[in-house]
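Only one structure is covered here, and it is reproduced in the block below.
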Amino acid sequence: MTTAELVVGSSCGIVLISMFVWLAVALYLGYTKTDVLLNSFKNSSSAITISTRIYKGPWGKLQLVGSACSVVTFPSFFVKHGIAGAGDIESFPVSLLRKLIVLMWSAVGLFTSLALLVALWKSGVLK
């Protein structure tokens, strides 16, 4: 195994560990901020906060946090298509808004970096 392969493999491991940390943070927010998330989207479509999935355990909490992350990170898309209300997004708690936006962009960054590292590994450039 070359040094380059070792570096790329180690980087993949760090990204995977970071994904598990991201998952733990998302679950923490899902379990501690469920009421805030549900009350913040009162005038929006029920697609964001479907009650039946929220009480289905960790997977439901992740879906709730994921949909909230998407809505607050890309509000113009969701308002334009009538899924989210503009008033709901404007009155969203600022501290939670920032956390969800950081969570969304960190997920995008983690998946992108993992895809690039795997593509670099598979390309054969490292040998």
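Numbering starts fresh at 1 for the residues of each chain in the structure tokens, the chains themselves are lettered A, B, ... in the order given, and ligands are numbered from 1 as they appear.
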
Might you pull out every residue within 10 Å of A:Gly9, with only C-alpha atoms counted and same-chain residues fewer than 5 positions away left off, and present them as a PyMOL selection string? chain A and resi 3-4+14-15+117-118+121

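Our summary of the geometry notes that atom CA of A:Ala26 is positioned 8.2 Å from atom CA of A:Lys61.
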
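Counting only C-alpha atoms and comparing A:Gly82, A:Gly109, A:Pro93, A:Pro75, the residue that lies closest to A:Lys33 is A:Pro93.
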
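Minimum atom-to-atom distance to A:Leu29, evaluated using only C-alpha atoms, belongs to A:Leu97 out of A:Leu97, A:Leu116, A:Ile17, A:Met1.
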
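The smallest atom-to-atom distance between A:Met19 and any of A:Ala119, A:Thr112, A:Lys56, A:Ile89, using only C-alpha atoms, is found for A:Thr112.
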
What's the 12 Å shell around A:Val108, counting only C-alpha atoms, without same-chain residues fewer than 2 positions away, as a PyMOL selection string? chain A and resi 15+19+22+66+69-70+73+101-106+110-115

Using only C-alpha atoms: which of A:Tyr31, A:Phe20, A:Leu62, A:Val72 has the shortest distance to A:Gly87: A:Val72

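With only C-alpha atoms as the basis for measurement, A:Thr34 is the residue among A:Ser91, A:Thr2, A:Ser10, A:Thr34 that approaches A:Pro58 most closely.
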
For A:Ser44, find every residue with an atom within 7 Å (counting only C-alpha atoms), except residues of its own chain fewer than 5 positions away, and show them as a PyMOL selection string. chain A and resi 83-85

Let me see the file: selected residues, C-alpha atoms, as a PDB file, in the first residue's frame.
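Output file part-v6.pdb is given in full below:
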ATOM      1  CA  ILE A  83     -44.662  23.299   1.023  1.00  0.00           C
ATOM      2  CA  ALA A  84     -43.519  25.806   3.639  1.00  0.00           C
ATOM      3  CA  GLY A  85     -45.046  29.073   4.761  1.00  0.00           C
TER       4      GLY A  85
END

DSSP says helix (DSSP H, G or I) for which residues of stretch 11-115 of chain A? Put them as number ranges by chain? A: 11-32, 34-40, 51-54, 58-73, 75-80, 86-90, 94-115

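Shortest atom-to-atom contact with A:Val71 among A:Ser40, A:Gly13, A:Gly57, A:Ser18: A:Ser40, counting only C-alpha atoms.
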